[in-house]
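The structure under discussion appears below in the form of structure tokens.
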Amino acid sequence: MRRIAYLFLAAISLLVAASSISAAETRPHYGGTLRVMLQSAPSALELPANATPADYWDIARTLSLIGDTLVRLDAQDRPQPGLAVSWESDPGGHHWQFTLRRGVKFHDGSAASPAAVAQILSALHPGWIVRASADSISIDSDTAMPSLLAELALPRNLLLKRGANGLPIGTGAFLVAEWQPGKLLKLAASEESWEGRPFVDAVEIEFGKSLRDQAIALELGKTDVIDAAPQGAAGSERRDAWSSSLSLPVELLVLVFSANSNAQDPHLREALALAIDRKPIQSVLLKGAGEPAASILPNWMTGYSAVFSAQANPQRARALIAESRRPALNLSYDPRDPQAQLIAERIALNARDFGITVQVSLSGVADIRLVCIVLPSPDPATSLNEAARQVGLPQPSLPMAVSGNSLDNLYQAERGLLDGYAVIPLFHLPVATAASTRVNNWSSDPLGGWNVPGFSASDGQANRGTDVLANVWLTDSLRGAAR
């Protein structure tokens, strides 16, 4: 009987020990290095004016580890505090006042004072009049700025200073420790981050890695977070060694006609738009990722994208072709995109079925370009302006009413950009990331960034805000230096 009692006690001890180990493994830990691989190979830590989508997301995410914006927008287009804790504007949107968070410091130890913030914003926007006061800044403009909060939330408005070496100095969760242009960036946790010290000690980002190389490294346990192709992430949300996440559609794959294109006839352009059968391209080449599109803005932003039909219309296309000149057209694509050539060739095949000669080539003068652009904001007016800029269209006329959720004004502005078929939207696409199971509390936010949720009270931690990667922690058994 005593022997049975001893065995019972031993079993209970093992269960308690196992429970303690399990709890220790799931409890947040400080320490370790988060290893990241990205596609782009930037020569400078700054957001290029005309970045490709891959370049944009990589450098925007990276800089968001270092700096903060005045405000942030969530996926419902609602402004959230950043370095500004409150704001107000006049009815006309010409004058804005922002009360700043107190006690925030840059990584060099200097105060993120109203004067310092005003100086940065003035340099970024020479057309604004930015003034500092005791605990706030004001922004004035002769032009109404109904979407100023959305503008300030964009990565290009991160509040960053530049050191003598040209490297960014911000107020974010991490500071620059080492920079090898185009190859490697090492970031160290900021001990004085206003949102609390990150759990990881460091982040190491390797640049210039193809999607294939990234996927192999993740499978082999040589990295923790990678870019991922939406085509792969769409079919499987989890694997044993890693998990993937998709954003909302925040990119647009589009055909853009050059100013000197041989296709000057709007009827020919419309015929091409109606000849493209998008659904097979999405199903086969994109492996189900994204949404066929005939609008610039995705439905999650506006709710009206179905008004722009993305269905092929052979009958209408043939009627238009009968009335049009049909010169041979040269279609170019981005050779860095592994899917772009296949999609371009499928579009050319659709066109030839209707007597439109489209040649896919990277040489010669392009009549049409297959490009992917970024829709960088959940604010539809801001994303429409940015889309127009990226494809070379005139800026749409968006009245003040747009900021008051007038979808009719927004729709009319978008319709105006699409009239004449200078651009043909094809697909709204998400962006994807993948993380190893070593990374805890990881989640790519719906807008494609690296924001992660704070811990709930049941985790034993106060909510630490939504600063990028501030709440990510690493499994105990693999903490420490990168392997």
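We label chains A, B, ... in the order they appear in the structure tokens, count residues from 1 in each chain, and number ligands from 1 in the order shown.
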Taking only residues of region 238-333 of chain A that have an atom at most 9 Å from an atom of region 403-421 of chain A, what is each one's shortest atom pair and its distance in Å to one decimal, using only C-alpha atoms, in chain and number order, as a Markdown table?
```
| residue | atom | partner | partner_atom | distance |
| --- | --- | --- | --- | --- |
| A:Val256 | CA | A:Tyr421 | CA | 8.7 |
| A:Phe257 | CA | A:Tyr421 | CA | 8.3 |
| A:Asp265 | CA | A:Gly420 | CA | 8.7 |
| A:Pro266 | CA | A:Gly420 | CA | 5.3 |
| A:His267 | CA | A:Gly420 | CA | 8.3 |
| A:Arg269 | CA | A:Tyr421 | CA | 5.8 |
| A:Glu270 | CA | A:Tyr421 | CA | 6.1 |
| A:Ala273 | CA | A:Tyr421 | CA | 8.0 |
| A:Ser295 | CA | A:Glu414 | CA | 7.8 |
| A:Ile296 | CA | A:Glu414 | CA | 7.1 |
| A:Leu297 | CA | A:Glu414 | CA | 8.1 |
| A:Thr302 | CA | A:Leu407 | CA | 7.2 |
| A:Gly303 | CA | A:Leu407 | CA | 8.9 |
| A:Tyr304 | CA | A:Tyr411 | CA | 8.0 |
| A:Phe308 | CA | A:Arg415 | CA | 8.9 |
```
Seminar exercise, completed: Nearest to Ala229 (chain A), restricted to only C-alpha atoms and choosing among A:Leu246, A:Ala123, A:Leu187, A:Val371, comes out as A:Leu246
Problem set entry | Surrounding residues of Glu191 (chain A) excluding itself and chain neighbours under 2 positions, 10 Å, only C-alpha atoms, as a list in words | His107, Ala173, Phe174, Leu175, Ala188, Ala189, Ser193, Trp194, Gly196, Arg197, Pro198 and Asp201 of chain A
Near-Ile169 (chain A) list (9 Å; only C-alpha atoms; drop same-chain fewer than 6 positions) as a PDB file with N, CA and C atoms, in the first residue's frame:
```
ATOM      1  N   ILE A  66      11.488  51.392 -35.894  1.00  0.00           N
ATOM      2  CA  ILE A  66      12.394  52.419 -35.381  1.00  0.00           C
ATOM      3  C   ILE A  66      11.658  53.684 -34.969  1.00  0.00           C
ATOM      4  N   GLY A  67      10.625  54.040 -35.706  1.00  0.00           N
ATOM      5  CA  GLY A  67       9.951  55.309 -35.465  1.00  0.00           C
ATOM      6  C   GLY A  67       8.463  55.162 -35.243  1.00  0.00           C
ATOM      7  N   PHE A 106      13.784  60.501 -28.225  1.00  0.00           N
ATOM      8  CA  PHE A 106      14.419  59.845 -29.357  1.00  0.00           C
ATOM      9  C   PHE A 106      15.514  58.902 -28.839  1.00  0.00           C
ATOM     10  N   HIS A 107      15.960  58.024 -29.703  1.00  0.00           N
ATOM     11  CA  HIS A 107      16.971  57.042 -29.291  1.00  0.00           C
ATOM     12  C   HIS A 107      18.301  57.672 -28.921  1.00  0.00           C
ATOM     13  N   ASP A 108      18.546  58.926 -29.338  1.00  0.00           N
ATOM     14  CA  ASP A 108      19.785  59.602 -28.949  1.00  0.00           C
ATOM     15  C   ASP A 108      19.651  60.320 -27.612  1.00  0.00           C
ATOM     16  N   LEU A 159       8.170  59.819 -37.679  1.00  0.00           N
ATOM     17  CA  LEU A 159       8.938  60.941 -37.113  1.00  0.00           C
ATOM     18  C   LEU A 159      10.352  60.465 -36.809  1.00  0.00           C
ATOM     19  N   LEU A 160      11.216  60.643 -37.794  1.00  0.00           N
ATOM     20  CA  LEU A 160      12.595  60.174 -37.709  1.00  0.00           C
ATOM     21  C   LEU A 160      13.561  61.329 -37.917  1.00  0.00           C
ATOM     22  N   LYS A 161      14.575  61.376 -37.064  1.00  0.00           N
ATOM     23  CA  LYS A 161      15.702  62.277 -37.300  1.00  0.00           C
ATOM     24  C   LYS A 161      16.802  61.476 -38.006  1.00  0.00           C
ATOM     25  N   ARG A 162      17.807  62.143 -38.478  1.00  0.00           N
ATOM     26  CA  ARG A 162      18.949  61.472 -39.103  1.00  0.00           C
ATOM     27  C   ARG A 162      20.213  61.836 -38.352  1.00  0.00           C
ATOM     28  N   GLY A 163      20.980  60.801 -38.004  1.00  0.00           N
ATOM     29  CA  GLY A 163      22.247  61.035 -37.319  1.00  0.00           C
ATOM     30  C   GLY A 163      23.314  61.504 -38.275  1.00  0.00           C
ATOM     31  N   LEU A 175      16.161  50.442 -31.895  1.00  0.00           N
ATOM     32  CA  LEU A 175      17.096  51.422 -32.432  1.00  0.00           C
ATOM     33  C   LEU A 175      18.143  50.715 -33.289  1.00  0.00           C
ATOM     34  N   VAL A 176      18.736  51.464 -34.209  1.00  0.00           N
ATOM     35  CA  VAL A 176      19.705  50.883 -35.140  1.00  0.00           C
ATOM     36  C   VAL A 176      21.009  50.600 -34.410  1.00  0.00           C
TER      37      VAL A 176
END
```
For this session: Work out how far CA of Thr52 (chain A) is from CA of Leu158 (chain A), in Å to one decimal.
Result: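 Computing it gives 19.2 Å between the two atoms.
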For this session: as a ChimeraX atom specification, list the residues of region 1-205 of chain A assigned to strand (DSSP E or B) by DSSP on the backbone atoms of this structure.
Result: /A:33-37,71-73,79-81,84-89,95-100,105,111,129-132,136-140,161-162,168-169,174-180,184-189,202-205
Problem set entry | Those in region 191-414 of chain A with alpha helix (DSSP H) from DSSP, as number ranges by chain | A: 211-219, 230-233, 266-275, 278-280, 299-302, 314-322, 340-352, 380-391, 407-414
Problem set entry | Nearest to Glu251 (chain A), chosen from A:Glu291, A:Glu178, A:Asp68, A:Asp90, with only C-alpha atoms counted in the distances |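 Smallest separation from Glu251 (chain A) among the options: A:Glu291.
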For this session: Excluding region 77-80 of chain A and residues on its chain fewer than 2 positions from it, collect all residues at most 8 Å away from it, counting only C-alpha atoms, and give them as a list in words.
Result: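 Using only C-alpha atoms, the neighbours found are Val71, Arg72, Leu73, Asp74, Ala75, Gly82, Leu149, Ala150, Pro378 and Asp379 of chain A.
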Take the selection from the previous step and output its residues with C-alpha atoms, as a tab-separated table (two decimals), in the first residue's frame.
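Once everything was written out, this is out-v8.tsv:
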```tsv
chain	number	residue	atom	x	y	z
A	71	VAL	CA	-1.52	58.85	-35.35
A	72	ARG	CA	-2.36	55.37	-36.59
A	73	LEU	CA	-5.36	54.04	-38.49
A	74	ASP	CA	-6.96	50.68	-37.83
A	75	ALA	CA	-8.59	48.53	-40.51
A	82	GLY	CA	0.52	57.47	-31.68
A	149	LEU	CA	-5.02	61.97	-40.13
A	150	ALA	CA	-4.75	59.30	-42.82
A	378	PRO	CA	-7.46	52.11	-45.04
A	379	ASP	CA	-8.74	55.60	-45.83
```
